[in-house]
Amino acid sequence: MKTSLDSELETNLELTNNFERFLKHGQRKSVQNIPVLDTYLTLNRNGEHLTFLVDQAGNLYDEKTLEIIYLQEHIKSELRNYVHSLRSKHYGQMIEWDNASTLIPKQAKFKVIDLETGLSFNVQRRAGSKHADVQPLTKEDTAIMKQIYNGAWSWRRKAIIVQTEDQRLAASMHGMPHGGDGIPDNDFSGHFCIHFTGSSTHGSGNVDPEHQLMVYKAAGKLVDYFNEASPYQIADAFLIALNLKKPQILKMSFADAKDPQLDYFLKEKDRLKGIRKRSSHVDKPFSGVLALEFPLEVNMYRENNRVDKATFTFQMIRGSLLEPWTITSISMVS
């Protein structure tokens, strides 16, 4: 299990079950698109490795043949149990800020684990009433945190695990020292912020959408988020993923993970310094429709402090009233 193809942190579970013999009885069906998933089943056949993606229902996907494999129900149930066990070890528990604040009170020390690199460092909560204001404990901890941010401090949000003595909590951090200090000689001038479900910023008192999406990622619940999101939340998640340079989430927002336009945005994310909405979407009713179109005005921040203003018009669809919304295309006008 790994949060994305590029993640260095992965959690493995070696199984003695001979799943290969169950594949022979599985029903294969062609699919147009392979969903974006975080769980892989690798079979060793005489030194050759066969890898399949595993969805929440216990179905397998063969990326080479573009097929879904429906296993027998008792095998799917067994596979789901293994995935659940693996998920609890890899991800963190999603809890509300009030509960998190109790579990990590001010002055508490704990470990932060980055879900992408697997690097970890020790911190102390110093302050914060709406989220946790935190500082690395030592120079060595600061150096590891800076390594996670590729050697340059950044406001970019990252999915993390807060590891206490007996808890693994889903959270999000940024990497920019600011504000009050409190721990001497740690090479970190100020503090940084850690957010949990429902936490908010100290200035505006608003919930930060980027932090919240990263909390879902840290809990291993991005699929749940996209399954339940409104079309407007899907569009916002797309912009957040573009801003945070998260290819996995960009792919999850599109109907087709191999769409040529999506490929353009996957390349564009590395050419952008950032992207922000200039206007909120005017939420049209969508409860009884299967297709929707709406514009969003954005600022695209380039090198040399250049700002390009553009309007993104999102075309959204869902297969039925019970299926999730996805992006089919985005038209751009500068």
# chains A, B, ... in the order shown; residues from 1 in each chain; ligands from 1

call {"tool": "select_by_dssp", "arguments": {"residues": "range 45-293 of chain A", "states": "helix (DSSP H, G or I)", "output": "count of residues only"}}
result
82

call {"tool": "residues_around", "arguments": {"residues": "Phe238 in chain A", "least_positions_apart": "5", "cutoff": "8 Å", "atoms": "only C-alpha atoms", "output": "list in words"}}
result
Ile249, Leu250 and Ser253 of chain A

call {"tool": "residues_around", "arguments": {"residues": "Tyr91 in chain A", "least_positions_apart": "3", "cutoff": "10 Å", "atoms": "only C-alpha atoms", "output": "list of chain:residue names"}}
result
A:Met1, A:Lys2, A:Thr3, A:Thr11, A:Leu86, A:Arg87, A:Ser88, A:Met94, A:Leu115, A:Ala159, A:Ile160, A:Ile161, A:Arg168, A:Leu169, A:Ala170, A:Tyr216, A:Lys217, A:Ala218, A:Ala219, A:Gly220, A:Lys221

call {"tool": "atom_distance", "arguments": {"atom1": "CA of Asn206 in chain A", "atom2": "CA of Ile194 in chain A"}}
result
14.6 Å

call {"tool": "select_by_dssp", "arguments": {"residues": "range 157-287 of chain A", "states": "strand (DSSP E)", "output": "PyMOL selection string"}}
result
chain A and resi 157-163+168-175+192-195+274-277

call {"tool": "atom_distance", "arguments": {"atom1": "CA of Phe286 in chain A", "atom2": "CA of Gly198 in chain A"}}
result
25.4 Å

call {"tool": "atom_distance", "arguments": {"atom1": "CA of Val54 in chain A", "atom2": "CA of Asp114 in chain A"}}
result
23.5 Å

call {"tool": "residues_around", "arguments": {"residues": "range 271-283 of chain A", "least_positions_apart": "2", "cutoff": "9 Å", "atoms": "only C-alpha atoms", "output": "JSON, numbers by chain"}}
result
{"A": [232, 236, 239, 240, 242, 243, 244, 245, 267, 268, 269, 285, 286, 294, 295, 296, 297, 298, 299, 300, 301, 302, 303, 305, 309]}

call {"tool": "residues_around", "arguments": {"residues": "range 127-143 of chain A", "least_positions_apart": "4", "cutoff": "7 Å", "atoms": "only C-alpha atoms", "output": "MDAnalysis selection string"}}
result
chainID A and resid 106 121:123 147 185:188 191:195 199:202

call {"tool": "residues_around", "arguments": {"residues": "Leu13 in chain A", "least_positions_apart": "2", "cutoff": "12 Å", "atoms": "only C-alpha atoms", "output": "list in words"}}
result
Met1, Glu10, Thr11, Leu15, Thr16, Asn17, Thr39, Tyr40, Leu41, Thr42, Leu79, Asn81, Tyr82, Val83, His84, Ser85, Leu86, Arg87, Ser88, Lys89 and His90 of chain A

call {"tool": "closest_residue", "arguments": {"among": "A:Tyr61, A:Phe196, A:Phe52, A:Phe226", "to": "Glu96 in chain A", "atoms": "only C-alpha atoms"}}
result
A:Phe196

call {"tool": "residues_around", "arguments": {"residues": "range 310-318 of chain A", "least_positions_apart": "3", "cutoff": "7 Å", "atoms": "only C-alpha atoms", "output": "PDB file with all heavy atoms, in the first residue's frame"}}
result
ATOM      1  N   PRO A 231     -20.029  18.273  -7.286  1.00  0.00           N
ATOM      2  CA  PRO A 231     -19.221  18.652  -8.454  1.00  0.00           C
ATOM      3  C   PRO A 231     -18.334  19.863  -8.163  1.00  0.00           C
ATOM      4  O   PRO A 231     -17.227  19.968  -8.701  1.00  0.00           O
ATOM      5  CB  PRO A 231     -20.262  18.959  -9.530  1.00  0.00           C
ATOM      6  CG  PRO A 231     -21.544  19.165  -8.801  1.00  0.00           C
ATOM      7  CD  PRO A 231     -21.470  18.305  -7.588  1.00  0.00           C
ATOM      8  N   LEU A 290     -27.304  14.810 -14.367  1.00  0.00           N
ATOM      9  CA  LEU A 290     -26.136  13.950 -14.573  1.00  0.00           C
ATOM     10  C   LEU A 290     -24.973  14.694 -15.218  1.00  0.00           C
ATOM     11  O   LEU A 290     -23.881  14.133 -15.346  1.00  0.00           O
ATOM     12  CB  LEU A 290     -26.522  12.749 -15.455  1.00  0.00           C
ATOM     13  CG  LEU A 290     -27.637  11.840 -14.934  1.00  0.00           C
ATOM     14  CD1 LEU A 290     -27.878  10.692 -15.908  1.00  0.00           C
ATOM     15  CD2 LEU A 290     -27.289  11.301 -13.548  1.00  0.00           C
ATOM     16  N   ALA A 291     -25.185  15.935 -15.619  1.00  0.00           N
ATOM     17  CA  ALA A 291     -24.130  16.738 -16.240  1.00  0.00           C
ATOM     18  C   ALA A 291     -24.252  18.179 -15.767  1.00  0.00           C
ATOM     19  O   ALA A 291     -25.368  18.667 -15.509  1.00  0.00           O
ATOM     20  CB  ALA A 291     -24.221  16.670 -17.758  1.00  0.00           C
ATOM     21  N   LEU A 292     -23.117  18.836 -15.650  1.00  0.00           N
ATOM     22  CA  LEU A 292     -23.103  20.205 -15.132  1.00  0.00           C
ATOM     23  C   LEU A 292     -21.897  20.933 -15.705  1.00  0.00           C
ATOM     24  O   LEU A 292     -20.835  20.332 -15.941  1.00  0.00           O
ATOM     25  CB  LEU A 292     -23.019  20.177 -13.598  1.00  0.00           C
ATOM     26  CG  LEU A 292     -23.300  21.480 -12.854  1.00  0.00           C
ATOM     27  CD1 LEU A 292     -24.763  21.881 -12.999  1.00  0.00           C
ATOM     28  CD2 LEU A 292     -22.957  21.319 -11.369  1.00  0.00           C
ATOM     29  N   GLU A 293     -22.074  22.242 -15.925  1.00  0.00           N
ATOM     30  CA  GLU A 293     -20.975  23.078 -16.419  1.00  0.00           C
ATOM     31  C   GLU A 293     -20.969  24.375 -15.631  1.00  0.00           C
ATOM     32  O   GLU A 293     -22.016  24.971 -15.399  1.00  0.00           O
ATOM     33  CB  GLU A 293     -21.160  23.365 -17.905  1.00  0.00           C
ATOM     34  CG  GLU A 293     -20.073  24.249 -18.502  1.00  0.00           C
ATOM     35  CD  GLU A 293     -20.283  24.492 -19.991  1.00  0.00           C
ATOM     36  OE1 GLU A 293     -20.278  23.525 -20.765  1.00  0.00           O
ATOM     37  OE2 GLU A 293     -20.474  25.683 -20.357  1.00  0.00           O
ATOM     38  N   PHE A 294     -19.779  24.803 -15.186  1.00  0.00           N
ATOM     39  CA  PHE A 294     -19.686  26.062 -14.441  1.00  0.00           C
ATOM     40  C   PHE A 294     -18.260  26.617 -14.545  1.00  0.00           C
ATOM     41  O   PHE A 294     -17.294  25.872 -14.703  1.00  0.00           O
ATOM     42  CB  PHE A 294     -20.066  25.861 -12.964  1.00  0.00           C
ATOM     43  CG  PHE A 294     -19.260  24.814 -12.250  1.00  0.00           C
ATOM     44  CD1 PHE A 294     -18.073  25.130 -11.610  1.00  0.00           C
ATOM     45  CD2 PHE A 294     -19.700  23.506 -12.212  1.00  0.00           C
ATOM     46  CE1 PHE A 294     -17.330  24.167 -10.955  1.00  0.00           C
ATOM     47  CE2 PHE A 294     -18.972  22.527 -11.559  1.00  0.00           C
ATOM     48  CZ  PHE A 294     -17.784  22.861 -10.926  1.00  0.00           C
ATOM     49  N   PRO A 295     -18.125  27.956 -14.469  1.00  0.00           N
ATOM     50  CA  PRO A 295     -16.808  28.585 -14.581  1.00  0.00           C
ATOM     51  C   PRO A 295     -16.204  28.902 -13.214  1.00  0.00           C
ATOM     52  O   PRO A 295     -16.909  29.082 -12.217  1.00  0.00           O
ATOM     53  CB  PRO A 295     -17.125  29.880 -15.341  1.00  0.00           C
ATOM     54  CG  PRO A 295     -18.503  30.245 -14.839  1.00  0.00           C
ATOM     55  CD  PRO A 295     -19.219  28.946 -14.555  1.00  0.00           C
ATOM     56  N   LEU A 296     -14.881  28.978 -13.184  1.00  0.00           N
ATOM     57  CA  LEU A 296     -14.150  29.467 -12.023  1.00  0.00           C
ATOM     58  C   LEU A 296     -13.023  30.379 -12.511  1.00  0.00           C
ATOM     59  O   LEU A 296     -12.264  30.001 -13.414  1.00  0.00           O
ATOM     60  CB  LEU A 296     -13.545  28.302 -11.219  1.00  0.00           C
ATOM     61  CG  LEU A 296     -14.445  27.568 -10.230  1.00  0.00           C
ATOM     62  CD1 LEU A 296     -13.684  26.418  -9.586  1.00  0.00           C
ATOM     63  CD2 LEU A 296     -14.958  28.522  -9.168  1.00  0.00           C
ATOM     64  N   GLU A 297     -12.936  31.560 -11.939  1.00  0.00           N
ATOM     65  CA  GLU A 297     -11.848  32.472 -12.276  1.00  0.00           C
ATOM     66  C   GLU A 297     -10.652  32.175 -11.372  1.00  0.00           C
ATOM     67  O   GLU A 297     -10.807  32.028 -10.158  1.00  0.00           O
ATOM     68  CB  GLU A 297     -12.305  33.917 -12.106  1.00  0.00           C
ATOM     69  CG  GLU A 297     -13.421  34.312 -13.064  1.00  0.00           C
ATOM     70  CD  GLU A 297     -13.881  35.749 -12.848  1.00  0.00           C
ATOM     71  OE1 GLU A 297     -13.565  36.309 -11.781  1.00  0.00           O
ATOM     72  OE2 GLU A 297     -14.547  36.287 -13.733  1.00  0.00           O
ATOM     73  N   VAL A 298      -9.466  32.092 -11.988  1.00  0.00           N
ATOM     74  CA  VAL A 298      -8.274  31.718 -11.230  1.00  0.00           C
ATOM     75  C   VAL A 298      -7.110  32.653 -11.556  1.00  0.00           C
ATOM     76  O   VAL A 298      -7.078  33.285 -12.621  1.00  0.00           O
ATOM     77  CB  VAL A 298      -7.846  30.263 -11.531  1.00  0.00           C
ATOM     78  CG1 VAL A 298      -8.956  29.281 -11.176  1.00  0.00           C
ATOM     79  CG2 VAL A 298      -7.433  30.096 -12.991  1.00  0.00           C
ATOM     80  N   ASN A 299      -6.186  32.733 -10.621  1.00  0.00           N
ATOM     81  CA  ASN A 299      -4.886  33.361 -10.845  1.00  0.00           C
ATOM     82  C   ASN A 299      -3.843  32.257 -10.938  1.00  0.00           C
ATOM     83  O   ASN A 299      -3.739  31.414 -10.047  1.00  0.00           O
ATOM     84  CB  ASN A 299      -4.517  34.304  -9.698  1.00  0.00           C
ATOM     85  CG  ASN A 299      -5.266  35.613  -9.748  1.00  0.00           C
ATOM     86  OD1 ASN A 299      -5.774  36.004 -10.796  1.00  0.00           O
ATOM     87  ND2 ASN A 299      -5.343  36.299  -8.631  1.00  0.00           N
ATOM     88  N   GLU A 323     -23.790   7.635  -8.598  1.00  0.00           N
ATOM     89  CA  GLU A 323     -22.361   7.541  -8.903  1.00  0.00           C
ATOM     90  C   GLU A 323     -21.664   8.879  -8.660  1.00  0.00           C
ATOM     91  O   GLU A 323     -22.296   9.935  -8.652  1.00  0.00           O
ATOM     92  CB  GLU A 323     -22.173   7.100 -10.358  1.00  0.00           C
ATOM     93  CG  GLU A 323     -22.639   5.677 -10.617  1.00  0.00           C
ATOM     94  CD  GLU A 323     -22.402   5.249 -12.049  1.00  0.00           C
ATOM     95  OE1 GLU A 323     -21.228   5.258 -12.481  1.00  0.00           O
ATOM     96  OE2 GLU A 323     -23.385   4.927 -12.741  1.00  0.00           O
ATOM     97  N   PRO A 324     -20.341   8.847  -8.449  1.00  0.00           N
ATOM     98  CA  PRO A 324     -19.612  10.094  -8.157  1.00  0.00           C
ATOM     99  C   PRO A 324     -19.456  10.986  -9.379  1.00  0.00           C
ATOM    100  O   PRO A 324     -19.472  10.521 -10.518  1.00  0.00           O
ATOM    101  CB  PRO A 324     -18.248   9.577  -7.676  1.00  0.00           C
ATOM    102  CG  PRO A 324     -18.101   8.227  -8.291  1.00  0.00           C
ATOM    103  CD  PRO A 324     -19.479   7.654  -8.350  1.00  0.00           C
ATOM    104  N   TRP A 325     -19.291  12.273  -9.106  1.00  0.00           N
ATOM    105  CA  TRP A 325     -19.027  13.254 -10.160  1.00  0.00           C
ATOM    106  C   TRP A 325     -17.553  13.169 -10.572  1.00  0.00           C
ATOM    107  O   TRP A 325     -16.678  12.904  -9.761  1.00  0.00           O
ATOM    108  CB  TRP A 325     -19.314  14.663  -9.655  1.00  0.00           C
ATOM    109  CG  TRP A 325     -20.764  14.981  -9.511  1.00  0.00           C
ATOM    110  CD1 TRP A 325     -21.523  14.868  -8.387  1.00  0.00           C
ATOM    111  CD2 TRP A 325     -21.642  15.466 -10.530  1.00  0.00           C
ATOM    112  NE1 TRP A 325     -22.817  15.255  -8.633  1.00  0.00           N
ATOM    113  CE2 TRP A 325     -22.929  15.627  -9.945  1.00  0.00           C
ATOM    114  CE3 TRP A 325     -21.477  15.786 -11.875  1.00  0.00           C
ATOM    115  CZ2 TRP A 325     -24.019  16.091 -10.651  1.00  0.00           C
ATOM    116  CZ3 TRP A 325     -22.579  16.244 -12.588  1.00  0.00           C
ATOM    117  CH2 TRP A 325     -23.826  16.394 -11.987  1.00  0.00           C
ATOM    118  N   THR A 326     -17.298  13.415 -11.853  1.00  0.00           N
ATOM    119  CA  THR A 326     -15.933  13.502 -12.355  1.00  0.00           C
ATOM    120  C   THR A 326     -15.864  14.609 -13.408  1.00  0.00           C
ATOM    121  O   THR A 326     -16.865  15.041 -13.953  1.00  0.00           O
ATOM    122  CB  THR A 326     -15.469  12.187 -12.994  1.00  0.00           C
ATOM    123  OG1 THR A 326     -16.392  11.800 -14.028  1.00  0.00           O
ATOM    124  CG2 THR A 326     -15.358  11.074 -11.959  1.00  0.00           C
ATOM    125  N   ILE A 327     -14.641  15.045 -13.685  1.00  0.00           N
ATOM    126  CA  ILE A 327     -14.392  16.065 -14.712  1.00  0.00           C
ATOM    127  C   ILE A 327     -14.205  15.378 -16.053  1.00  0.00           C
ATOM    128  O   ILE A 327     -13.387  14.453 -16.166  1.00  0.00           O
ATOM    129  CB  ILE A 327     -13.152  16.900 -14.366  1.00  0.00           C
ATOM    130  CG1 ILE A 327     -13.317  17.587 -13.009  1.00  0.00           C
ATOM    131  CG2 ILE A 327     -12.860  17.927 -15.459  1.00  0.00           C
ATOM    132  CD1 ILE A 327     -12.041  18.216 -12.474  1.00  0.00           C
ATOM    133  N   THR A 328     -14.941  15.826 -17.078  1.00  0.00           N
ATOM    134  CA  THR A 328     -14.713  15.302 -18.423  1.00  0.00           C
ATOM    135  C   THR A 328     -13.790  16.208 -19.223  1.00  0.00           C
ATOM    136  O   THR A 328     -12.997  15.734 -20.042  1.00  0.00           O
ATOM    137  CB  THR A 328     -16.034  15.125 -19.185  1.00  0.00           C
ATOM    138  OG1 THR A 328     -16.727  16.374 -19.219  1.00  0.00           O
ATOM    139  CG2 THR A 328     -16.892  14.073 -18.518  1.00  0.00           C
ATOM    140  N   SER A 329     -13.877  17.511 -19.002  1.00  0.00           N
ATOM    141  CA  SER A 329     -12.983  18.441 -19.687  1.00  0.00           C
ATOM    142  C   SER A 329     -13.011  19.800 -18.994  1.00  0.00           C
ATOM    143  O   SER A 329     -13.931  20.099 -18.227  1.00  0.00           O
ATOM    144  CB  SER A 329     -13.367  18.613 -21.167  1.00  0.00           C
ATOM    145  OG  SER A 329     -14.617  19.238 -21.290  1.00  0.00           O
ATOM    146  N   ILE A 330     -11.977  20.589 -19.278  1.00  0.00           N
ATOM    147  CA  ILE A 330     -11.885  21.951 -18.731  1.00  0.00           C
ATOM    148  C   ILE A 330     -11.482  22.865 -19.888  1.00  0.00           C
ATOM    149  O   ILE A 330     -10.445  22.667 -20.513  1.00  0.00           O
ATOM    150  CB  ILE A 330     -10.834  22.052 -17.621  1.00  0.00           C
ATOM    151  CG1 ILE A 330     -11.137  21.064 -16.488  1.00  0.00           C
ATOM    152  CG2 ILE A 330     -10.759  23.481 -17.079  1.00  0.00           C
ATOM    153  CD1 ILE A 330     -10.030  20.974 -15.464  1.00  0.00           C
ATOM    154  N   SER A 331     -12.327  23.840 -20.179  1.00  0.00           N
ATOM    155  CA  SER A 331     -11.970  24.841 -21.172  1.00  0.00           C
ATOM    156  C   SER A 331     -11.361  26.044 -20.477  1.00  0.00           C
ATOM    157  O   SER A 331     -11.825  26.455 -19.406  1.00  0.00           O
ATOM    158  CB  SER A 331     -13.182  25.249 -22.004  1.00  0.00           C
ATOM    159  OG  SER A 331     -14.185  25.811 -21.177  1.00  0.00           O
ATOM    160  N   MET A 332     -10.297  26.593 -21.063  1.00  0.00           N
ATOM    161  CA  MET A 332      -9.556  27.685 -20.451  1.00  0.00           C
ATOM    162  C   MET A 332      -9.561  28.920 -21.341  1.00  0.00           C
ATOM    163  O   MET A 332      -9.274  28.811 -22.539  1.00  0.00           O
ATOM    164  CB  MET A 332      -8.125  27.259 -20.154  1.00  0.00           C
ATOM    165  CG  MET A 332      -7.980  26.112 -19.167  1.00  0.00           C
ATOM    166  SD  MET A 332      -6.258  25.615 -18.992  1.00  0.00           S
ATOM    167  CE  MET A 332      -5.961  24.891 -20.611  1.00  0.00           C
ATOM    168  N   VAL A 333      -9.875  30.048 -20.753  1.00  0.00           N
ATOM    169  CA  VAL A 333      -9.811  31.330 -21.465  1.00  0.00           C
ATOM    170  C   VAL A 333      -8.959  32.275 -20.635  1.00  0.00           C
ATOM    171  O   VAL A 333      -9.253  32.545 -19.478  1.00  0.00           O
ATOM    172  CB  VAL A 333     -11.224  31.932 -21.674  1.00  0.00           C
ATOM    173  CG1 VAL A 333     -11.105  33.271 -22.396  1.00  0.00           C
ATOM    174  CG2 VAL A 333     -12.097  30.978 -22.474  1.00  0.00           C
ATOM    175  N   SER A 334      -7.892  32.791 -21.246  1.00  0.00           N
ATOM    176  CA  SER A 334      -6.990  33.698 -20.535  1.00  0.00           C
ATOM    177  C   SER A 334      -7.543  35.116 -20.571  1.00  0.00           C
ATOM    178  O   SER A 334      -8.195  35.492 -21.560  1.00  0.00           O
ATOM    179  CB  SER A 334      -5.597  33.673 -21.153  1.00  0.00           C
ATOM    180  OG  SER A 334      -5.025  32.393 -21.059  1.00  0.00           O
TER     181      SER A 334
END

call {"tool": "closest_residue", "arguments": {"among": "A:Lys258, A:His49, A:His178, A:Arg156", "to": "Glu20 in chain A", "atoms": "only C-alpha atoms"}}
result
A:His49

call {"tool": "closest_residue", "arguments": {"among": "A:Val307, A:Pro177, A:Glu8, A:Thr164", "to": "Ala152 in chain A", "atoms": "only C-alpha atoms"}}
result
A:Pro177

call {"tool": "closest_residue", "arguments": {"among": "A:Leu9, A:Leu322, A:Leu66, A:Ile95", "to": "Ser120 in chain A", "atoms": "only C-alpha atoms"}}
result
A:Leu9
